[in-house]
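Chemist: Take this structure first; my questions come after.
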Amino acid sequence: MRQAMILLLVWAGLATAHAQEFGTHWISHPQPDSTSHVWFRQSYLGGQRPRRATVTVASTGFFKLYVNEFVVGTAAYYPLRDDGDGTPKAVTFDVTRYLRNDTNTVAVLYSPATPQTDGRQVAVTYYGQMADGSRFSHHSDGNWLCRRANSRRNAYGSEFIDGRQHNTTWRAATFDPALWLTARAQQGTPGEPTLPLHQFYQATKTTHCRSYRYFDTKADTVRYEFGEGWIGGLCVTLREARRGEYINIGGMEYICSGEMDEQAYPRFPRQHCRGVLVWGDRRFRRAQITDIMTLETSTVTYDDFDD
């Protein structure tokens, strides 16, 4: 029991030390804009699996965190924000369960939260303790790589997603480095918030999915009625859509990949929905939609280090 308490105090001291200096190692796409989602990634080599590790992510927008391709956390995205709020906010995750012996890849998908262009997009700290008891700490810097993702915010208040560029290897240890750029590093300014060791925070979680009640077709537009409104998004399964075909799903714009079965869904679902209009270009047919489900989100209070 005494040994466990000592280890806990050591770990708490380590986390607190990094929290005090956290928030100063910002990175961004070299040409940041107010709509693009951005992929960020970095791989860390090690000869042993860390005993424990933590990742803290600060952002002026929304983000999703991946470690060795695993989605970290149970929220749809982090953090919860009011409209127009672009203040830096930080969240800490215990990522010990996702670690490997050799290479550990930390990746972040970022979305701007406001129409402003901010060079401070994300700041990431990956720190912990190795199996031999030594400590390690890595901050996001100019060695990180970044690339605009296949999605972005659009004028409908939703997202534009290009299914032709769907790619999950961007968060893997082995990936194609073509088109990737060196992230732009930027030091923070005095007075930026630091993250205490232990805190509660709110995030958006997908809590319910349901199908539509009925649909009506008028000319080339289909209206799906769900009976009750919700906040979140939609997940649509398409079959035999043409590559490059355009479909608008309640404001979410999707370019089809042309695969036999593909799914269109927002990366950061936060729309107010009830009845949904679906239409597309001249190639669109309602029969291409084999399933359409709500992604209903709600606000959940999390405890730091919980996922």
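By order of appearance in the structure tokens: chains A, B, ..., then residues from 1 within every chain, and ligands from 1 in the order shown.
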Quick one: everything within 6 Å of Ala53 in chain A, counting only C-alpha atoms, minus sequence neighbours fewer than 5 positions away in the same chain. Send it as an mmCIF file with N, CA, C and O atoms, in the first residue's frame.
Modeler:
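Contents of selection10.cif, freshly written:
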data_model
loop_
_atom_site.group_PDB
_atom_site.id
_atom_site.type_symbol
_atom_site.label_atom_id
_atom_site.label_comp_id
_atom_site.auth_asym_id
_atom_site.auth_seq_id
_atom_site.Cartn_x
_atom_site.Cartn_y
_atom_site.Cartn_z
ATOM 1 N N VAL A 95 -3.047 7.328 -21.536
ATOM 2 C CA VAL A 95 -2.969 6.540 -22.770
ATOM 3 C C VAL A 95 -2.157 5.266 -22.588
ATOM 4 O O VAL A 95 -1.763 4.633 -23.569
ATOM 5 N N THR A 96 -1.929 4.868 -21.343
ATOM 6 C CA THR A 96 -1.063 3.724 -21.065
ATOM 7 C C THR A 96 -1.505 2.470 -21.804
ATOM 8 O O THR A 96 -0.681 1.718 -22.340
ATOM 9 N N TYR A 127 3.943 12.566 -22.132
ATOM 10 C CA TYR A 127 4.925 12.405 -21.072
ATOM 11 C C TYR A 127 4.560 11.217 -20.184
ATOM 12 O O TYR A 127 3.406 10.755 -20.174
ATOM 13 N N GLY A 128 5.550 10.708 -19.461
ATOM 14 C CA GLY A 128 5.292 9.570 -18.601
ATOM 15 C C GLY A 128 6.549 8.994 -18.003
ATOM 16 O O GLY A 128 7.555 9.681 -17.817
#
Chemist: Excluding range 141-156 of chain A and its own-chain neighbours fewer than 4 positions away, which residues fall within 8 Å of it when counting only C-alpha atoms? Please give them as a count of residues only.
Modeler: 31
Chemist: Would you list the contacts of range 201-206 of chain A as a PyMOL selection string, taking every protein, DNA or RNA residue within 7 Å and counting only C-alpha atoms, but skipping same-chain residues closer than 2 positions in sequence?
Modeler: chain A and resi 74-80+199+208+295-303
Chemist: Convert the current residue selection to file output with N, CA and C atoms, as a PDB file, in the first residue's frame.
Modeler:
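Dumped everything to part.pdb:
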ATOM      1  N   THR A  74     -14.036   8.618 -24.982  1.00  0.00           N
ATOM      2  CA  THR A  74     -15.359   8.146 -25.403  1.00  0.00           C
ATOM      3  C   THR A  74     -16.241   9.270 -25.933  1.00  0.00           C
ATOM      4  N   ALA A  75     -15.759  10.502 -25.885  1.00  0.00           N
ATOM      5  CA  ALA A  75     -16.542  11.619 -26.415  1.00  0.00           C
ATOM      6  C   ALA A  75     -16.464  11.633 -27.940  1.00  0.00           C
ATOM      7  N   ALA A  76     -17.457  12.271 -28.571  1.00  0.00           N
ATOM      8  CA  ALA A  76     -17.441  12.407 -30.027  1.00  0.00           C
ATOM      9  C   ALA A  76     -16.287  13.291 -30.465  1.00  0.00           C
ATOM     10  N   TYR A  77     -15.950  14.276 -29.648  1.00  0.00           N
ATOM     11  CA  TYR A  77     -14.805  15.158 -29.865  1.00  0.00           C
ATOM     12  C   TYR A  77     -14.617  15.971 -28.594  1.00  0.00           C
ATOM     13  N   TYR A  78     -13.537  16.708 -28.529  1.00  0.00           N
ATOM     14  CA  TYR A  78     -13.214  17.530 -27.356  1.00  0.00           C
ATOM     15  C   TYR A  78     -12.837  18.929 -27.830  1.00  0.00           C
ATOM     16  N   PRO A  79     -13.014  19.970 -26.974  1.00  0.00           N
ATOM     17  CA  PRO A  79     -13.844  20.005 -25.769  1.00  0.00           C
ATOM     18  C   PRO A  79     -15.212  20.580 -26.127  1.00  0.00           C
ATOM     19  N   LEU A  80     -16.096  20.743 -25.152  1.00  0.00           N
ATOM     20  CA  LEU A  80     -17.369  21.420 -25.362  1.00  0.00           C
ATOM     21  C   LEU A  80     -17.115  22.924 -25.405  1.00  0.00           C
ATOM     22  N   GLN A 199      -9.177  17.802 -12.747  1.00  0.00           N
ATOM     23  CA  GLN A 199     -10.277  18.712 -12.993  1.00  0.00           C
ATOM     24  C   GLN A 199     -11.410  17.972 -13.686  1.00  0.00           C
ATOM     25  N   HIS A 208     -27.055   8.231 -28.558  1.00  0.00           N
ATOM     26  CA  HIS A 208     -28.223   7.504 -29.086  1.00  0.00           C
ATOM     27  C   HIS A 208     -28.207   7.552 -30.607  1.00  0.00           C
ATOM     28  N   LEU A 295     -27.028  10.490 -35.225  1.00  0.00           N
ATOM     29  CA  LEU A 295     -25.927  10.463 -34.268  1.00  0.00           C
ATOM     30  C   LEU A 295     -26.263  11.528 -33.230  1.00  0.00           C
ATOM     31  N   GLU A 296     -27.004  11.138 -32.215  1.00  0.00           N
ATOM     32  CA  GLU A 296     -27.517  12.100 -31.243  1.00  0.00           C
ATOM     33  C   GLU A 296     -26.510  12.287 -30.117  1.00  0.00           C
ATOM     34  N   THR A 297     -26.140  13.539 -29.893  1.00  0.00           N
ATOM     35  CA  THR A 297     -25.119  13.836 -28.902  1.00  0.00           C
ATOM     36  C   THR A 297     -25.726  14.557 -27.701  1.00  0.00           C
ATOM     37  N   SER A 298     -25.044  14.453 -26.581  1.00  0.00           N
ATOM     38  CA  SER A 298     -25.434  15.169 -25.371  1.00  0.00           C
ATOM     39  C   SER A 298     -24.179  15.581 -24.623  1.00  0.00           C
ATOM     40  N   THR A 299     -24.345  16.495 -23.691  1.00  0.00           N
ATOM     41  CA  THR A 299     -23.217  16.987 -22.904  1.00  0.00           C
ATOM     42  C   THR A 299     -22.960  16.050 -21.727  1.00  0.00           C
ATOM     43  N   VAL A 300     -21.709  15.645 -21.592  1.00  0.00           N
ATOM     44  CA  VAL A 300     -21.308  14.719 -20.535  1.00  0.00           C
ATOM     45  C   VAL A 300     -20.166  15.347 -19.754  1.00  0.00           C
ATOM     46  N   THR A 301     -20.203  15.228 -18.434  1.00  0.00           N
ATOM     47  CA  THR A 301     -19.114  15.714 -17.592  1.00  0.00           C
ATOM     48  C   THR A 301     -18.114  14.603 -17.381  1.00  0.00           C
ATOM     49  N   TYR A 302     -16.865  14.880 -17.712  1.00  0.00           N
ATOM     50  CA  TYR A 302     -15.778  13.901 -17.587  1.00  0.00           C
ATOM     51  C   TYR A 302     -14.853  14.323 -16.453  1.00  0.00           C
ATOM     52  N   ASP A 303     -14.133  13.326 -15.958  1.00  0.00           N
ATOM     53  CA  ASP A 303     -13.094  13.555 -14.979  1.00  0.00           C
ATOM     54  C   ASP A 303     -11.764  13.374 -15.697  1.00  0.00           C
TER      55      ASP A 303
END
Chemist: Ala58 in chain A: which residues within 6 Å, counting only C-alpha atoms, same-chain residues fewer than 5 positions away excluded, as a PyMOL selection string?
Modeler: chain A and resi 89-90+122-123
Chemist: For the residues in that selection, give me all heavy atoms as a PDB file, in the first residue's frame.
Modeler:
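The file below, out.pdb, is the result:
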ATOM      1  N   LYS A  89      -8.226  25.608 -24.586  1.00  0.00           N
ATOM      2  CA  LYS A  89      -8.699  24.682 -23.558  1.00  0.00           C
ATOM      3  C   LYS A  89      -7.895  23.400 -23.667  1.00  0.00           C
ATOM      4  O   LYS A  89      -7.536  22.984 -24.770  1.00  0.00           O
ATOM      5  CB  LYS A  89     -10.192  24.387 -23.717  1.00  0.00           C
ATOM      6  CG  LYS A  89     -11.083  25.602 -23.489  1.00  0.00           C
ATOM      7  CD  LYS A  89     -12.558  25.238 -23.548  1.00  0.00           C
ATOM      8  CE  LYS A  89     -13.434  26.456 -23.305  1.00  0.00           C
ATOM      9  NZ  LYS A  89     -14.881  26.103 -23.316  1.00  0.00           N
ATOM     10  N   ALA A  90      -7.619  22.784 -22.529  1.00  0.00           N
ATOM     11  CA  ALA A  90      -6.765  21.598 -22.508  1.00  0.00           C
ATOM     12  C   ALA A  90      -7.465  20.427 -21.839  1.00  0.00           C
ATOM     13  O   ALA A  90      -8.259  20.608 -20.910  1.00  0.00           O
ATOM     14  CB  ALA A  90      -5.458  21.908 -21.781  1.00  0.00           C
ATOM     15  N   VAL A 122      -3.181  23.475 -32.119  1.00  0.00           N
ATOM     16  CA  VAL A 122      -3.090  22.483 -31.046  1.00  0.00           C
ATOM     17  C   VAL A 122      -1.723  22.591 -30.375  1.00  0.00           C
ATOM     18  O   VAL A 122      -0.744  23.054 -30.976  1.00  0.00           O
ATOM     19  CB  VAL A 122      -3.296  21.032 -31.544  1.00  0.00           C
ATOM     20  CG1 VAL A 122      -4.693  20.838 -32.107  1.00  0.00           C
ATOM     21  CG2 VAL A 122      -2.233  20.646 -32.561  1.00  0.00           C
ATOM     22  N   ALA A 123      -1.661  22.170 -29.124  1.00  0.00           N
ATOM     23  CA  ALA A 123      -0.402  22.004 -28.395  1.00  0.00           C
ATOM     24  C   ALA A 123      -0.494  20.666 -27.680  1.00  0.00           C
ATOM     25  O   ALA A 123      -1.467  20.402 -26.966  1.00  0.00           O
ATOM     26  CB  ALA A 123      -0.193  23.139 -27.396  1.00  0.00           C
TER      27      ALA A 123
END
Chemist: Which one of A:Gln263, A:Gly244, A:Val278, A:Leu65 sits closest to Asp291 in chain A if you count only C-alpha atoms?
Modeler: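 Smallest distance to Asp291 in chain A is found for A:Gln263.
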Chemist: Would you mind reading off the distance between CA of Asp118 in chain A and CA of Thr56 in chain A, one decimal, in Å?
Modeler: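 Here the two named atoms are 19.7 Å from each other.
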Chemist: CA of Asp83 in chain A and CA of Pro269 in chain A, how far apart in Å?
Modeler: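 Spanning CA of Pro269 in chain A to CA of Asp83 in chain A is a straight-line distance of 13.8 Å.
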Chemist: So which residues of range 33-187 of chain A fall under strand (DSSP E) by DSSP, listed as an NGL selection string?
Modeler: :A and (36-45 or 52-59 or 62-67 or 70-72 or 89-94 or 103-111 or 122-129 or 135-139 or 145-153 or 159-162 or 181-182 or 184-187)
Chemist: Can I get the selection written as a compact mmCIF listing (two decimals), in the first residue's frame, with C-alpha atoms?
Modeler:
# COMPACT_ATOMS: atom_id res chain seq x y z
CA SER A 36 -10.01 23.26 -42.86
CA HIS A 37 -9.70 20.23 -40.63
CA VAL A 38 -6.05 19.33 -40.11
CA TRP A 39 -4.27 16.05 -39.43
CA PHE A 40 -1.28 16.28 -37.08
CA ARG A 41 1.04 13.39 -36.22
CA GLN A 42 4.33 12.40 -34.65
CA SER A 43 5.96 9.01 -33.91
CA TYR A 44 8.23 8.45 -30.91
CA LEU A 45 10.80 5.65 -30.88
CA ARG A 52 2.58 4.71 -17.92
CA ALA A 53 1.98 7.71 -20.13
CA THR A 54 -0.29 10.70 -20.48
CA VAL A 55 -1.17 12.95 -23.39
CA THR A 56 -2.41 16.49 -22.82
CA VAL A 57 -3.92 18.34 -25.77
CA ALA A 58 -4.71 22.04 -25.75
CA SER A 59 -6.61 23.57 -28.63
CA PHE A 62 -12.15 20.99 -31.48
CA PHE A 63 -10.02 17.86 -31.67
CA LYS A 64 -9.92 14.07 -31.65
CA LEU A 65 -6.91 12.21 -30.25
CA TYR A 66 -5.45 8.93 -31.55
CA VAL A 67 -2.60 6.86 -30.12
CA PHE A 70 -6.79 3.86 -31.37
CA VAL A 71 -9.39 6.54 -30.70
CA VAL A 72 -8.65 7.91 -27.23
CA LYS A 89 -8.70 24.68 -23.56
CA ALA A 90 -6.77 21.60 -22.51
CA VAL A 91 -7.74 17.99 -21.77
CA THR A 92 -5.54 15.22 -20.33
CA PHE A 93 -5.79 11.51 -21.20
CA ASP A 94 -4.20 8.42 -19.68
CA THR A 103 7.07 3.08 -31.88
CA ASN A 104 4.25 5.10 -30.36
CA THR A 105 2.35 7.40 -32.71
CA VAL A 106 0.35 10.33 -31.38
CA ALA A 107 -2.10 11.89 -33.86
CA VAL A 108 -4.68 14.66 -33.64
CA LEU A 109 -7.55 15.67 -35.92
CA TYR A 110 -8.26 19.38 -35.48
CA SER A 111 -11.24 21.54 -36.46
CA VAL A 122 -3.09 22.48 -31.05
CA ALA A 123 -0.40 22.00 -28.40
CA VAL A 124 0.42 18.43 -27.41
CA THR A 125 2.47 17.05 -24.52
CA TYR A 126 3.23 13.31 -24.35
CA TYR A 127 4.92 12.40 -21.07
CA GLY A 128 5.29 9.57 -18.60
CA GLN A 129 7.59 7.00 -17.07
CA ARG A 135 10.89 9.88 -17.08
CA PHE A 136 10.24 11.23 -20.56
CA SER A 137 8.49 14.26 -21.98
CA HIS A 138 7.80 15.33 -25.56
CA HIS A 139 6.16 18.54 -26.70
CA LEU A 145 3.93 16.70 -39.54
CA CYS A 146 0.59 18.03 -40.67
CA ARG A 147 -1.74 17.91 -43.64
CA ARG A 148 -5.17 19.24 -44.45
CA ALA A 149 -7.70 16.47 -43.85
CA ASN A 150 -10.38 15.29 -46.29
CA SER A 151 -13.02 17.30 -44.41
CA ARG A 152 -13.72 20.91 -43.48
CA ARG A 153 -16.41 23.22 -42.15
CA GLU A 159 -19.03 19.77 -43.01
CA PHE A 160 -17.73 19.06 -46.48
CA ILE A 161 -16.20 15.55 -46.70
CA ASP A 162 -14.37 14.08 -49.69
CA LEU A 181 4.19 19.38 -44.37
CA THR A 182 6.25 20.41 -41.39
CA ARG A 184 4.56 25.58 -37.91
CA ALA A 185 5.67 25.95 -34.28
CA GLN A 186 4.69 28.94 -32.19
CA GLN A 187 5.49 29.74 -28.58
Chemist: Closest to Asp82 in chain A among A:Leu234, A:Val276, A:Ala172, A:Ala113, using only C-alpha atoms?
Modeler: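 So, comparing all the options, the nearest one is A:Ala113.
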Chemist: If you measure from CA of Gly280 in chain A to CA of Asp261 in chain A, what distance in Å do you get, rounded to one decimal?
Modeler: 17.5 Å
Chemist: Here is a test: counting only C-alpha atoms, which residue of A:Arg213, A:Arg164, A:Arg274, A:Arg285 is nearest to Glu259 in chain A?
Modeler: A:Arg164
